>>> print(open('structure_39.pdb').read())   # PDB, C-alpha atoms
ATOM      1  CA  MET A  19      96.223 102.449  93.523
ATOM      2  CA  ILE A  20      98.006 105.731  94.260
ATOM      3  CA  SER A  21      96.275 109.098  94.067
ATOM      4  CA  ARG A  22      97.832 112.513  94.485
ATOM      5  CA  LEU A  23      96.810 114.649  97.456
ATOM      6  CA  GLU A  24      95.919 118.230  96.601
ATOM      7  CA  ASN A  25      96.087 121.511  98.533
ATOM      8  CA  LEU A  26      99.325 120.734 100.373
ATOM      9  CA  PRO A  27     101.800 123.371 101.576
ATOM     10  CA  ASN A  28     104.367 124.588  99.063
ATOM     11  CA  GLY A  29     107.242 122.173  98.762
ATOM     12  CA  VAL A  30     105.301 119.094  99.912
ATOM     13  CA  ILE A  31     104.077 116.380  97.579
ATOM     14  CA  GLY A  32     101.645 113.820  98.896
ATOM     15  CA  PHE A  33      99.859 110.667  97.900
ATOM     16  CA  GLU A  34      97.307 108.251  99.260
ATOM     17  CA  ALA A  35      97.889 104.583  98.525
ATOM     18  CA  SER A  36      95.362 101.795  98.862
ATOM     19  CA  GLY A  37      94.839  98.289  97.588
ATOM     20  CA  LYS A  38      97.527  96.824  95.345
ATOM     21  CA  ILE A  39     100.200  99.185  94.048
ATOM     22  CA  SER A  40     101.311  98.813  90.416
ATOM     23  CA  ALA A  41     104.271 100.089  88.409
ATOM     24  CA  GLU A  42     101.841 102.288  86.482
ATOM     25  CA  ASP A  43     100.839 103.979  89.742
ATOM     26  CA  TYR A  44     104.442 105.065  90.251
ATOM     27  CA  ARG A  45     105.011 105.985  86.621
ATOM     28  CA  ASP A  46     101.812 107.995  86.208
ATOM     29  CA  ALA A  47     101.356 109.605  89.641
ATOM     30  CA  VAL A  48     104.528 109.606  91.723
ATOM     31  CA  LEU A  49     107.387 110.055  89.260
ATOM     32  CA  PRO A  50     106.181 113.269  87.567
ATOM     33  CA  ALA A  51     105.511 114.956  90.924
ATOM     34  CA  LEU A  52     108.790 113.731  92.373
ATOM     35  CA  THR A  53     110.766 114.956  89.381
ATOM     36  CA  ARG A  54     109.180 118.420  89.625
ATOM     37  CA  ALA A  55     109.883 118.594  93.371
ATOM     38  CA  ALA A  56     113.525 117.514  92.933
ATOM     39  CA  GLU A  57     114.056 120.049  90.152
ATOM     40  CA  ALA A  58     112.585 122.774  92.384
ATOM     41  CA  GLY A  59     114.958 121.995  95.250
ATOM     42  CA  GLU A  60     114.144 119.264  97.742
ATOM     43  CA  VAL A  61     111.613 116.505  98.243
ATOM     44  CA  ARG A  62     109.222 116.602 101.196
ATOM     45  CA  PHE A  63     106.918 113.617 100.861
ATOM     46  CA  LEU A  64     103.664 112.659 102.587
ATOM     47  CA  LEU A  65     102.272 109.148 102.064
ATOM     48  CA  VAL A  66      98.917 108.116 103.535
ATOM     49  CA  VAL A  67      98.229 104.360 103.532
ATOM     50  CA  ARG A  68      94.800 103.265 104.772
ATOM     51  CA  ASP A  69      94.882  99.718 103.404
ATOM     52  CA  PHE A  70      97.499  97.736 101.518
ATOM     53  CA  ASP A  71      97.173  94.587  99.424
ATOM     54  CA  GLY A  72     100.753  94.412  98.177
ATOM     55  CA  MET A  73     102.875  95.622  95.291
ATOM     56  CA  SER A  74     103.536  94.204  91.868
ATOM     57  CA  GLY A  75     107.145  93.335  91.054
ATOM     58  CA  GLY A  76     107.279  96.326  88.720
ATOM     59  CA  ALA A  77     106.004  98.599  91.483
ATOM     60  CA  LEU A  78     108.742  97.415  93.821
ATOM     61  CA  TRP A  79     111.348  98.208  91.156
ATOM     62  CA  GLU A  80     109.846 101.674  90.582
ATOM     63  CA  ASP A  81     109.867 102.270  94.340
ATOM     64  CA  LEU A  82     113.571 101.497  94.539
ATOM     65  CA  LYS A  83     114.317 103.732  91.552
ATOM     66  CA  VAL A  84     112.301 106.626  93.001
ATOM     67  CA  GLY A  85     114.591 106.779  96.024
ATOM     68  CA  ALA A  86     117.832 106.411  94.093
ATOM     69  CA  GLU A  87     117.269 108.834  91.210
ATOM     70  CA  HIS A  88     117.026 111.925  93.412
ATOM     71  CA  LEU A  89     118.998 110.652  96.399
ATOM     72  CA  ARG A  90     120.390 113.994  97.554
ATOM     73  CA  LYS A  91     117.076 115.830  97.132
ATOM     74  CA  TRP A  92     115.059 113.895  99.744
ATOM     75  CA  LYS A  93     114.469 115.979 102.870
ATOM     76  CA  ARG A  94     111.562 114.380 104.766
ATOM     77  CA  ILE A  95     109.219 111.419 104.303
ATOM     78  CA  ALA A  96     106.116 111.205 106.498
ATOM     79  CA  LEU A  97     104.279 107.886 106.430
ATOM     80  CA  VAL A  98     100.725 108.080 107.774
ATOM     81  CA  THR A  99      99.186 104.693 108.498
ATOM     82  CA  ASP A 100      97.520 102.517 111.110
ATOM     83  CA  ILE A 101      99.003  99.377 109.540
ATOM     84  CA  GLU A 102     101.177  98.198 112.395
ATOM     85  CA  TRP A 103     103.678  96.106 110.448
ATOM     86  CA  MET A 104     104.265  98.946 107.971
ATOM     87  CA  ALA A 105     104.983 101.433 110.738
ATOM     88  CA  HIS A 106     107.274  98.905 112.427
ATOM     89  CA  VAL A 107     109.255  98.153 109.254
ATOM     90  CA  THR A 108     109.603 101.877 108.564
ATOM     91  CA  SER A 109     110.973 102.479 112.044
ATOM     92  CA  LEU A 110     113.449  99.618 111.640
ATOM     93  CA  PHE A 111     114.683 100.454 108.153
ATOM     94  CA  GLY A 112     113.956 104.177 107.863
ATOM     95  CA  TRP A 113     117.654 104.906 108.307
ATOM     96  CA  MET A 114     118.232 103.276 104.906
ATOM     97  CA  THR A 115     116.034 105.801 103.100
ATOM     98  CA  PRO A 116     117.303 109.182 101.985
ATOM     99  CA  GLY A 117     116.314 112.101 104.210
ATOM    100  CA  GLU A 118     114.449 111.876 107.505
ATOM    101  CA  THR A 119     111.604 109.392 107.862
ATOM    102  CA  LYS A 120     108.860 109.462 110.469
ATOM    103  CA  THR A 121     105.658 107.451 110.921
ATOM    104  CA  PHE A 122     102.344 108.853 112.159
ATOM    105  CA  PRO A 123      98.939 107.243 112.852
ATOM    106  CA  LEU A 124      96.053 108.163 110.546
ATOM    107  CA  ALA A 125      94.548 110.366 113.248
ATOM    108  CA  ASP A 126      97.706 112.536 113.146
ATOM    109  CA  ARG A 127      97.690 113.249 109.406
ATOM    110  CA  ASP A 128      97.781 117.030 109.976
ATOM    111  CA  ARG A 129     100.730 116.705 112.342
ATOM    112  CA  ALA A 130     102.522 114.534 109.761
ATOM    113  CA  LEU A 131     101.921 117.141 107.082
ATOM    114  CA  ALA A 132     103.266 119.907 109.320
ATOM    115  CA  TRP A 133     106.356 117.810 110.086
ATOM    116  CA  ALA A 134     106.989 117.059 106.397
ATOM    117  CA  ALA A 135     106.628 120.748 105.528
ATOM    118  CA  GLY A 136     108.843 121.923 108.420
TER
END
>>> encode(input="structure_39.pdb", output="structure tokens")
Amino acid sequence: MISRLENLPNGVIGFEASGKISAEDYRDAVLPALTRAAEAGEVRFLLVVRDFDGMSGGALWEDLKVGAEHLRKWKRIALVTDIEWMAHVTSLFGWMTPGETKTFPLADRDRALAWAAG
């Protein structure tokens, strides 16, 4: 499940993901917000992941499309999680994502938000 985070600084879109992520989560929550952000200028993205039970095949496809459709608009992606393997994979492959990517522990959510907005 993905839910949108509210009351973020102008120019930052944010979501909290938990459990199993579906294609509908991307279609209904992420894509509309991402499209609006890209049309307004650039994408500054905050993703908080407390627990993760995997992604459906459709969700993986939507995830790949999200990055590619607005490739030049991505500015910063802040991943906030205490899931060690997720932080490790992001640090290894973050260079493959558009824009800058940085990982923060859950306790540093505010610092992650400030970085994404900066």
>>> closest_residue(input="structure_39.pdb", among="A:Ala134, A:Gly59, A:Thr99, A:Ser109", to="A:Phe122", atoms="all atoms listed in the file")
A:Thr99
>>> resolve_selection(input="structure_39.pdb", expression="the PyMOL selection byres ((chain A and resi 105) around 12)", output="ChimeraX atom specification")
/A:65-68,96-104,106-112,119-124
>>> closest_residue(input="structure_39.pdb", among="A:Pro27, A:Ser40, A:Ala132, A:Arg22", to="A:Phe70", atoms="all atoms listed in the file")
A:Ser40
>>> resolve_selection(input="structure_39.pdb", expression="the PyMOL selection byres ((chain A and resi 29) around 10)", output="ChimeraX atom specification")
/A:26-28,30-31,55-56,58-63,134-136
>>> write_last_selection(input="structure_39.pdb", atoms="C-alpha atoms", output="PDB file, in the frame of the given file")
ATOM      1  CA  LEU A  26      99.325 120.734 100.373  1.00  0.00           C
ATOM      2  CA  PRO A  27     101.800 123.371 101.576  1.00  0.00           C
ATOM      3  CA  ASN A  28     104.367 124.588  99.063  1.00  0.00           C
ATOM      4  CA  VAL A  30     105.301 119.094  99.912  1.00  0.00           C
ATOM      5  CA  ILE A  31     104.077 116.380  97.579  1.00  0.00           C
ATOM      6  CA  ALA A  55     109.883 118.594  93.371  1.00  0.00           C
ATOM      7  CA  ALA A  56     113.525 117.514  92.933  1.00  0.00           C
ATOM      8  CA  ALA A  58     112.585 122.774  92.384  1.00  0.00           C
ATOM      9  CA  GLY A  59     114.958 121.995  95.250  1.00  0.00           C
ATOM     10  CA  GLU A  60     114.144 119.264  97.742  1.00  0.00           C
ATOM     11  CA  VAL A  61     111.613 116.505  98.243  1.00  0.00           C
ATOM     12  CA  ARG A  62     109.222 116.602 101.196  1.00  0.00           C
ATOM     13  CA  PHE A  63     106.918 113.617 100.861  1.00  0.00           C
ATOM     14  CA  ALA A 134     106.989 117.059 106.397  1.00  0.00           C
ATOM     15  CA  ALA A 135     106.628 120.748 105.528  1.00  0.00           C
ATOM     16  CA  GLY A 136     108.843 121.923 108.420  1.00  0.00           C
TER      17      GLY A 136
END
>>> atom_distance(input="structure_39.pdb", atom1="atom CA of A:Gly37", atom2="atom CA of A:Arg129")
24.3 Å
>>> resolve_selection(input="structure_39.pdb", expression="the PyMOL selection byres ((chain A and resi 20) around 12)", output="short mmCIF file (atom, residue, chain, number, x, y, z; two decimals) with C-alpha atoms, keeping the file's coordinate frame")
data_model
loop_
_atom_site.label_atom_id
_atom_site.label_comp_id
_atom_site.auth_asym_id
_atom_site.auth_seq_id
_atom_site.Cartn_x
_atom_site.Cartn_y
_atom_site.Cartn_z
CA MET A 19 96.22 102.45 93.52
CA SER A 21 96.28 109.10 94.07
CA ARG A 22 97.83 112.51 94.48
CA LEU A 23 96.81 114.65 97.46
CA GLY A 32 101.64 113.82 98.90
CA PHE A 33 99.86 110.67 97.90
CA GLU A 34 97.31 108.25 99.26
CA ALA A 35 97.89 104.58 98.52
CA SER A 36 95.36 101.80 98.86
CA GLY A 37 94.84 98.29 97.59
CA LYS A 38 97.53 96.82 95.34
CA ILE A 39 100.20 99.18 94.05
CA SER A 40 101.31 98.81 90.42
CA ALA A 41 104.27 100.09 88.41
CA GLU A 42 101.84 102.29 86.48
CA ASP A 43 100.84 103.98 89.74
CA TYR A 44 104.44 105.06 90.25
CA ARG A 45 105.01 105.98 86.62
CA ASP A 46 101.81 108.00 86.21
CA ALA A 47 101.36 109.60 89.64
CA VAL A 48 104.53 109.61 91.72
CA LEU A 49 107.39 110.06 89.26
CA LEU A 65 102.27 109.15 102.06
CA VAL A 66 98.92 108.12 103.54
CA VAL A 67 98.23 104.36 103.53
CA ARG A 68 94.80 103.26 104.77
CA ASP A 69 94.88 99.72 103.40
CA PHE A 70 97.50 97.74 101.52
CA MET A 73 102.88 95.62 95.29
CA ALA A 77 106.00 98.60 91.48
#
>>> atom_distance(input="structure_39.pdb", atom1="atom CA of A:Ala51", atom2="atom CA of A:Arg90")
16.3 Å
>>> atom_distance(input="structure_39.pdb", atom1="atom CA of A:Lys91", atom2="atom CA of A:Trp133")
16.9 Å
